[in-house]
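Report on the structure given below.
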Amino acid sequence: MAEALVVRNLSRRFGGLRAVQDLSFAVGDGETLALIGPNGAGKTTSFNLITGYHRPNAGSITAFGRELVGLRPHAICAHGLARTFQVARPFGNMTVLANVMTGAFLRDRTINGARKKAREAIDFVGLSAKEHVAARDLTTIDQRRLEMARALATEPRLLLLDEVMAGLNPAEIDQAVALIGKLSKRGLTIVIVEHVMRAIMAVARHIVVLDHGQKIAEGKPDEVVANEEVIRAYLGTGYVHGAVSGAARC
Amino acid sequence: MKAKRPSPRWLWLGALAAIAVVLPLLVSSAFTIDIFIRVLLFSFIGIAWNLMGGYAKQLSLGHAAYFGLGAYTSTILLIRFGVSPWTGILAGGVVAALASLPIGALCFRLRGPYFAIATIATAHVLMLLFLKFRDFAWGAEGTTIPNLGNAPLMMQFDSKLAYYYIVLVLLAIGLAITYRIERSWMGYYLVAVGEDEDAAEAIGVNALRIKRNIYMISAFLTALAGTFYVQYIYFIDPNTAFSFNVSVEAALVSIVGGIGTLWGPVVGTVLLEASSALLQSWLGSSHGGVQLTIYSLILIAVILWRPSGLLGVLTDVYARIVQARPVKKEALLDG
């Protein structure tokens, strides 16, 4: 399988803190990979490095055959990588439609074309009824939906989702899982940072576990949750997948 | 929420344009026409400022830099090289647009209030430079524009009416440009950058480039106002051309009227300039300072009660009178 994203020996320090240390992993085209680990393990920093918000101190990031280190975020998005933020960042004074159109303008500068694409993305995430609502008036889950629609409107090949399920109730998590499954079926490559283990087990084909900025394990979901070190560092000794209803923590 | 009534809108616009054209013919007092000219001029400067300060929320308090560059460019071309201000006005625009590139490169590294402070500094530095350039730009004493009588080709007229119509055309151009930008991808990108630059970058918006481009357009338009102004008052010196008042007024009329809206700067100027001119003529001679007090009270009232600008008040009132449609709280960009 061709590789969509290859991260090699990535490191980033913030002062004395090694936020990410010598991290390497690869995501196959069309695959869904989950980055998990305790808070402060370097998951969001990895996202910020991949999407150009931080510059790595060392290492390389290649997406679809192109080196991303040194590119600004907008150029990385134009190359086909779209992200969501851990805390949704909608343009509050715009309506849902205008927010998503702003994303769609990347590939289509016409108002009508962008509106059409935006409506498709809004429909896909199930926000059509709230098209003309101001983004600041949306609920948390709807803001996440909006952010996903806005990212999708840029027609990415690779989608990076940063804790899209935090704070959602079990029914909403099921909806989100179904949505990610739908995206994956369309052939989109997905990298997801998440704490909700139930969701990860449902969507991820491959898991990378981080702790203190370092990769401590990676592999298929079943292997990873059985890994001694992962249980010690993150899941907790009582963790038995399926027995604990839902999540290691949520 | 989406207004699908194109014909009434064009009717309104036509009526407004007709009033604007006929209005100066109905008054004979030069003083009143002077007030009209100032209202139109500052509406235009406000519109130029609003493109960047309103839509993209890059709060510049240094637009006098471009006003002054426009004024000086056309004046130097006129006096030193005999170039008509009609050419000079465009040359001034180009000079200002080019000057906005290095100024922007420096200032856009900063965000929010730091950006505003840096822009104040740039206008001030330019003022100091022109104070020092005695040989080239007449230094602190400035210069008068040679009066050629009625010379339309040199942008000089006996009648104030001509100046009125020139600035009216400038205003129409400014409104048309804003209208076009607002309804294109660029308008969406500007608002997005104004709302959250990082989030805008995440969906492919080149924030630095869009800010640089709108700053150039804004600087160009502001410079046109500068040339017009010296041709109108026949005098230029660094303190007038790079006056901090111009920078503040440009921002103020937009903020009072409604930032990031097409008509906001016009509404703001009509209220502020007209009230200040009227108050000055009524109270200026007898009660010194009272007009400034009232002017300030208007400002305070607007900022306390309508921080999104007066345009919202007008559309609310209009909505209540004309039809029972949902009241928009403030400018909201919709598809």
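So you can find residues: chains in the structure tokens are A, B, ... in the order shown, residues in each start at 1, and ligands are numbered from 1 in order.
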
Please determine the contact residues of chain B with respect to chain A at a cut-off of 6 Å, counting only C-alpha atoms, and supply them as an mmCIF file with N, CA and C atoms, in the first residue's frame.
data_model
loop_
_atom_site.group_PDB
_atom_site.id
_atom_site.type_symbol
_atom_site.label_atom_id
_atom_site.label_comp_id
_atom_site.auth_asym_id
_atom_site.auth_seq_id
_atom_site.Cartn_x
_atom_site.Cartn_y
_atom_site.Cartn_z
ATOM 1 N N TRP B 185 -14.919 35.536 -2.945
ATOM 2 C CA TRP B 185 -14.143 34.707 -2.025
ATOM 3 C C TRP B 185 -13.274 35.575 -1.126
ATOM 4 N N TYR B 188 -14.918 36.659 2.124
ATOM 5 C CA TYR B 188 -14.981 35.559 3.090
ATOM 6 C C TYR B 188 -13.614 35.347 3.740
ATOM 7 N N GLU B 195 -11.488 36.874 12.040
ATOM 8 C CA GLU B 195 -12.066 36.097 13.139
ATOM 9 C C GLU B 195 -11.022 35.218 13.825
ATOM 10 N N GLU B 201 -5.920 29.702 8.282
ATOM 11 C CA GLU B 201 -4.781 29.033 7.639
ATOM 12 C C GLU B 201 -5.055 27.535 7.487
ATOM 13 N N ALA B 202 -5.724 26.970 8.490
ATOM 14 C CA ALA B 202 -5.981 25.524 8.484
ATOM 15 C C ALA B 202 -6.856 25.105 7.308
ATOM 16 N N ILE B 203 -7.650 26.038 6.770
ATOM 17 C CA ILE B 203 -8.472 25.668 5.621
ATOM 18 C C ILE B 203 -7.935 26.325 4.354
ATOM 19 N N GLY B 204 -6.645 26.592 4.357
ATOM 20 C CA GLY B 204 -5.990 26.971 3.111
ATOM 21 C C GLY B 204 -5.932 28.458 2.814
ATOM 22 N N VAL B 205 -6.283 29.303 3.798
ATOM 23 C CA VAL B 205 -6.219 30.742 3.568
ATOM 24 C C VAL B 205 -4.793 31.230 3.830
ATOM 25 N N ASN B 206 -4.174 31.829 2.829
ATOM 26 C CA ASN B 206 -2.856 32.416 3.014
ATOM 27 C C ASN B 206 -3.037 33.774 3.683
ATOM 28 N N LEU B 332 -23.551 39.799 9.782
ATOM 29 C CA LEU B 332 -23.324 38.360 9.816
ATOM 30 C C LEU B 332 -23.115 37.917 8.382
ATOM 31 N N LEU B 333 -22.000 37.297 8.146
ATOM 32 C CA LEU B 333 -21.727 36.871 6.775
ATOM 33 C C LEU B 333 -22.432 35.552 6.504
ATOM 34 N N ASP B 334 -23.297 35.564 5.505
ATOM 35 C CA ASP B 334 -24.019 34.348 5.140
ATOM 36 C C ASP B 334 -23.681 34.010 3.700
ATOM 37 N N GLY B 335 -24.010 32.786 3.321
ATOM 38 C CA GLY B 335 -23.721 32.376 1.948
ATOM 39 C C GLY B 335 -24.585 33.108 0.950
#

(message) I'd like the neighbourhood of Gly30 of chain A as a PyMOL selection string, where a residue qualifies if any of its atoms comes within 7 Å (using only C-alpha atoms), though same-chain residues fewer than 6 positions away should be ignored.
(response) chain A and resi 184+187-189

(request) Find the residues near segment 261-264 of chain B: any atom within 7 Å, counting only C-alpha atoms, skip ones fewer than 6 places away on the same chain, and give them as a PyMOL selection string. (result) chain B and resi 175+178-179+254+311+331

(message) Which residue is closest to Thr45 of chain A? Choose from A:Met148, A:Ala199, A:Leu33, A:Val193 and count only C-alpha atoms.
(response) A:Val193

(request) Using DSSP on the backbone coordinates, identify all residues within segment 2-217 of chain B classified as helix (DSSP H, G or I); present the result as a PyMOL selection string. (result) chain B and resi 6-26+30-55+64-81+85-107+113-132+134-137+139-141+152-154+160-182+185-195+197-202+207-217

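The residue set within 10 Å of Trp49 of chain B, counting only C-alpha atoms and dropping same-chain residues fewer than 4 places from it, reads Ser43, Phe44, Ile45, Gly53, Gly54, Tyr55, Gln58, Leu59, Ser60, Leu61, Gly62, His63, Ile214, Tyr215, Ile217, Ser218, Ala219, Leu221, Thr222, Ser247, Glu249, Ala250, Ala251, Leu252, Val253, Ser254, Ile259, Gly260 and Pro265 of chain B.
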